[in-house]
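Source file target.csv; content: CSV, C-alpha atoms and all ligand atoms.
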chain,number,residue,atom,x,y,z
Q,1,MET,CA,19.3,24.9,-34.7
Q,2,GLN,CA,18.9,27.7,-32.1
Q,3,THR,CA,21.9,29.1,-30.3
Q,4,VAL,CA,22.3,30.1,-26.7
Q,5,PHE,CA,25.1,32.5,-25.8
Q,6,ILE,CA,26.9,31.7,-22.6
Q,7,LEU,CA,28.9,34.8,-21.6
Q,8,ASN,CA,31.5,35.2,-18.9
Q,9,GLY,CA,33.0,38.3,-17.5
Q,10,PRO,CA,36.3,39.4,-16.0
Q,11,ASN,CA,38.7,36.9,-14.3
Q,12,LEU,CA,36.7,33.9,-15.2
Q,13,ASN,CA,39.5,32.9,-17.6
Q,14,LEU,CA,41.4,32.0,-14.5
Q,15,LEU,CA,38.7,29.6,-13.3
Q,16,GLY,CA,40.3,26.6,-11.7
Q,17,LYS,CA,43.4,28.6,-10.7
Q,18,ARG,CA,42.1,31.6,-8.8
Q,19,GLN,CA,40.8,31.2,-5.3
Q,20,PRO,CA,39.8,27.6,-5.8
Q,21,GLU,CA,38.3,27.5,-2.3
Q,22,ILE,CA,35.7,29.9,-3.7
Q,23,TYR,CA,35.4,29.1,-7.4
Q,24,GLY,CA,36.5,25.4,-7.4
Q,25,ARG,CA,39.1,23.6,-9.5
Q,26,GLU,CA,37.3,23.1,-12.7
Q,27,THR,CA,38.3,25.3,-15.6
Q,28,LEU,CA,36.2,27.4,-17.9
Q,29,ALA,CA,37.0,24.8,-20.7
Q,30,ASP,CA,35.5,22.1,-18.4
Q,31,VAL,CA,32.4,24.3,-17.9
Q,32,GLU,CA,32.1,24.8,-21.7
Q,33,ALA,CA,32.4,21.1,-22.4
Q,34,GLY,CA,29.6,20.3,-19.8
Q,35,CYS,CA,27.2,22.9,-21.2
Q,36,ARG,CA,27.9,21.9,-24.8
Q,37,ALA,CA,27.2,18.3,-24.1
Q,38,LEU,CA,23.9,19.0,-22.4
Q,39,ALA,CA,22.9,21.6,-25.0
Q,40,GLY,CA,23.5,18.9,-27.7
Q,41,GLU,CA,21.2,16.5,-25.8
Q,42,LEU,CA,18.6,19.2,-25.5
Q,43,GLY,CA,18.8,20.1,-29.2
Q,44,PHE,CA,20.4,23.5,-29.3
Q,45,ASP,CA,23.9,24.9,-29.9
Q,46,ILE,CA,25.9,27.2,-27.6
Q,47,ARG,CA,28.3,30.0,-28.2
Q,48,PHE,CA,30.6,30.1,-25.1
Q,49,ALA,CA,32.8,33.2,-24.6
Q,50,GLN,CA,34.7,35.1,-21.9
Q,51,SER,CA,36.1,38.6,-21.8
Q,52,ASN,CA,37.7,40.8,-19.3
Q,53,ALA,CA,36.4,43.9,-21.2
Q,54,GLU,CA,33.0,45.4,-20.5
Q,55,HIS,CA,32.6,46.7,-24.1
Q,56,GLN,CA,33.2,43.2,-25.5
Q,57,ILE,CA,30.5,41.7,-23.4
Q,58,ILE,CA,28.1,44.5,-24.5
Q,59,ASP,CA,29.0,43.8,-28.1
Q,60,TRP,CA,28.2,40.1,-27.7
Q,61,ILE,CA,24.9,40.9,-26.1
Q,62,HIS,CA,24.1,43.2,-29.1
Q,63,GLU,CA,25.0,40.3,-31.5
Q,64,ALA,CA,22.7,38.1,-29.5
Q,65,ARG,CA,19.8,40.2,-30.6
Q,66,GLU,CA,20.0,38.6,-34.0
Q,67,ALA,CA,21.9,35.4,-33.3
Q,68,ALA,CA,20.7,34.0,-29.9
Q,69,ALA,CA,17.5,32.4,-28.6
Q,70,GLY,CA,18.7,33.1,-25.0
Q,71,ILE,CA,21.6,34.4,-22.9
Q,72,ILE,CA,23.2,32.8,-19.9
Q,73,ILE,CA,25.6,35.3,-18.3
Q,74,ASN,CA,28.1,35.3,-15.4
Q,75,PRO,CA,29.2,38.9,-15.6
Q,76,GLY,CA,31.8,38.5,-12.8
Q,77,ALA,CA,32.4,41.7,-11.0
Q,78,PHE,CA,30.5,43.7,-13.7
Q,79,THR,CA,27.4,42.2,-12.0
Q,80,HIS,CA,27.8,44.7,-9.2
Q,81,THR,CA,28.9,47.7,-11.3
Q,82,SER,CA,27.6,47.7,-14.8
Q,83,VAL,CA,24.5,49.7,-15.8
Q,84,ALA,CA,25.8,49.4,-19.4
Q,85,ILE,CA,25.5,45.6,-19.3
Q,86,LEU,CA,22.0,45.9,-17.8
Q,87,ASP,CA,21.1,48.3,-20.6
Q,88,ALA,CA,22.4,45.9,-23.3
Q,89,LEU,CA,20.4,43.0,-21.7
Q,90,ASN,CA,17.3,45.2,-21.7
Q,91,ALA,CA,17.7,45.5,-25.5
Q,92,PHE,CA,17.6,41.7,-25.8
Q,93,GLU,CA,14.2,40.1,-26.1
Q,94,GLY,CA,14.8,36.4,-25.3
Q,95,PRO,CA,15.3,34.8,-21.9
Q,96,VAL,CA,18.3,35.8,-19.7
Q,97,LEU,CA,19.7,33.7,-16.9
Q,98,GLU,CA,22.3,35.0,-14.5
Q,99,VAL,CA,24.8,32.6,-13.0
Q,100,HIS,CA,27.3,33.0,-10.1
Q,101,ILE,CA,29.5,30.2,-9.1
Q,102,SER,CA,29.8,31.4,-5.5
Q,103,ASN,CA,27.0,32.3,-3.2
Q,104,VAL,CA,27.4,36.1,-3.6
Q,105,HIS,CA,24.9,36.6,-0.7
Q,106,LYS,CA,27.3,34.9,1.7
Q,107,ARG,CA,30.2,37.2,0.7
Q,108,GLU,CA,31.0,40.9,1.0
Q,109,SER,CA,28.1,43.2,1.0
Q,110,PHE,CA,29.2,44.9,-2.3
Q,111,ARG,CA,28.4,41.5,-4.0
Q,112,HIS,CA,24.9,41.5,-2.7
Q,113,HIS,CA,23.6,43.9,-5.4
Q,114,SER,CA,23.3,42.9,-9.0
Q,115,TYR,CA,22.3,45.2,-11.8
Q,116,VAL,CA,21.8,42.2,-14.1
Q,117,SER,CA,19.2,40.7,-11.7
Q,118,LEU,CA,16.9,43.6,-12.7
Q,119,ARG,CA,16.7,41.9,-16.1
Q,120,ALA,CA,17.4,38.3,-15.5
Q,121,ASP,CA,14.5,35.8,-15.7
Q,122,GLY,CA,16.3,33.6,-13.2
Q,123,VAL,CA,19.4,33.7,-11.0
Q,124,ILE,CA,21.6,30.8,-9.8
Q,125,ALA,CA,24.2,31.4,-7.2
Q,126,GLY,CA,26.3,29.2,-5.0
Q,127,PHE,CA,25.9,26.0,-7.0
Q,128,GLY,CA,29.6,26.0,-8.1
Q,129,VAL,CA,30.1,25.5,-11.8
Q,130,GLU,CA,27.2,23.1,-11.8
Q,131,GLY,CA,25.1,26.3,-11.9
Q,132,TYR,CA,26.0,26.7,-15.6
Q,133,VAL,CA,24.6,23.2,-16.4
Q,134,LEU,CA,21.4,23.9,-14.4
Q,135,ALA,CA,21.0,27.2,-16.3
Q,136,THR,CA,21.5,25.4,-19.6
Q,137,ARG,CA,18.7,22.9,-18.7
Q,138,ARG,CA,16.4,25.8,-17.6
Q,139,MET,CA,17.2,27.7,-20.8
Q,140,ALA,CA,15.8,24.8,-22.8
Q,141,THR,CA,12.5,25.0,-20.9
Q,142,LEU,CA,12.3,28.8,-21.4
Q,143,ILE,CA,13.0,28.5,-25.1
Q,144,LEU,CA,10.3,25.9,-25.5
Q,145,GLU,CA,7.8,28.0,-23.6
Q,146,GLY,CA,8.7,30.9,-25.8
Q,147,ARG,CA,8.0,28.9,-28.9
Q,148,SER,CA,4.6,27.9,-27.7
Q,149,ALA,CA,3.7,31.4,-26.4
C,1,LIG,C1,32.4,35.9,-10.0
C,1,LIG,C2,33.2,36.9,-9.8
C,1,LIG,O1,34.3,37.1,-10.5
C,1,LIG,C3,32.9,37.9,-8.7
C,1,LIG,O2,33.3,39.2,-9.0
C,1,LIG,C4,31.4,37.9,-8.4
C,1,LIG,C5,31.1,35.7,-9.4
C,1,LIG,C6,30.9,36.5,-8.2
C,1,LIG,C7,30.8,34.2,-9.2
C,1,LIG,O3,30.5,33.7,-8.1
C,1,LIG,O4,30.8,33.5,-10.2
C,1,LIG,O5,31.2,38.7,-7.3

Could you express the structure from this file as structure tokens?
Ligand code: DHK
Amino acid sequence: MQTVFILNGPNLNLLGKRQPEIYGRETLADVEAGCRALAGELGFDIRFAQSNAEHQIIDWIHEAREAAAGIIINPGAFTHTSVAILDALNAFEGPVLEVHISNVHKRESFRHHSYVSLRADGVIAGFGVEGYVLATRRMATLILEGRSA
């Protein structure tokens, strides 16, 4: 069975508690459960992880080169700062989907630029945590397309 990595960056461990007016009241465990259930229906496995450390996210992306059919990533604030995460994603060959819970374009201007978008095959922003489930569904399509290509 193929595995999709769903990676989360800094402060997302506080999902449900921090700024719920922006990020909602569901926790990261709720998000994981939703993605896992859908992935099961769609016939793939997920590895769901969160770290506040940039190097850890980079190491997981490197692992994905051998172990994952695709990556869904919410890099948190590293979205706007990390050339290193972009470089790691550029070394991954499968589909990459970028997720933001909030509509970053409606927020401060420093959130309008994403290094990760230079690599992402698709971006979801402003759909709340539902964005993760939508990305999981889209990933199934991209993996299928990859198999037939
Ligand atoms: C999450 C964060 O932690 C912010 O730093 C980003 C993103 C937006 C989100 O909407 O999921 O700017």

For this session: Produce as a PyMOL selection string the set of residues near ligand LIG 1 (chain C), where near means within 6 Å with only C-alpha atoms and all ligand atoms considered.
Result: chain Q and resi 11+76-77+100-102+104+111

Problem set entry | Exercise: Asp59 in chain Q partners within 12 Å, all atoms listed in the file, chain neighbours under 6 positions left out, as number ranges by chain | Q: 7, 49, 51, 53, 65-66, 84-85, 87-89, 91-92

For this session: In Å, rounded to a single decimal, give me how far CA of Val96 in chain Q is from CA of Ala64 in chain Q.
Result: 11.0 Å

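Comparing Q:Ile22, Q:Leu12, Q:Leu28, Q:Val116 by their smallest distance to Thr81 in chain Q, the closest is Q:Val116 (using all atoms listed in the file).
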
Problem set entry | Between CA of Val83 in chain Q and CA of Tyr115 in chain Q, distance in Å (one decimal) | 6.4 Å

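Atom pair CA of Gly128 in chain Q / CA of Gln19 in chain Q has a distance of 12.7 Å (rounded to one decimal).
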
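Minimum atom-to-atom distances from Q:Gln56, Q:Glu108, Q:Tyr132, Q:Gly16 to Arg36 in chain Q were compared using all atoms listed in the file, and the lowest value belongs to Q:Tyr132.
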
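Proximity of Q:Ala135, Q:Gly9, Q:Leu118, Q:His112 to Val99 in chain Q, computed with only C-alpha atoms, is greatest for Q:Ala135.
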
Exercise. Which is closest to Arg137 in chain Q among Q:Thr3, Q:Asn8, Q:Val31, Q:Leu38, if we use all atoms listed in the file?
Worked result: Q:Leu38

Exercise. Phe44 in chain Q: which residues within 7 Å, counting all atoms listed in the file, same-chain residues fewer than 4 positions away excluded, as a VMD selection string?
Worked result: chain Q and resid 1 to 3 39 to 40

For this session: Rank nothing, just name the residue among Q:Gly94, Q:Pro75, Q:Gly70, Q:Pro20 nearest to Met139 in chain Q, using only C-alpha atoms.
Result: Q:Gly70
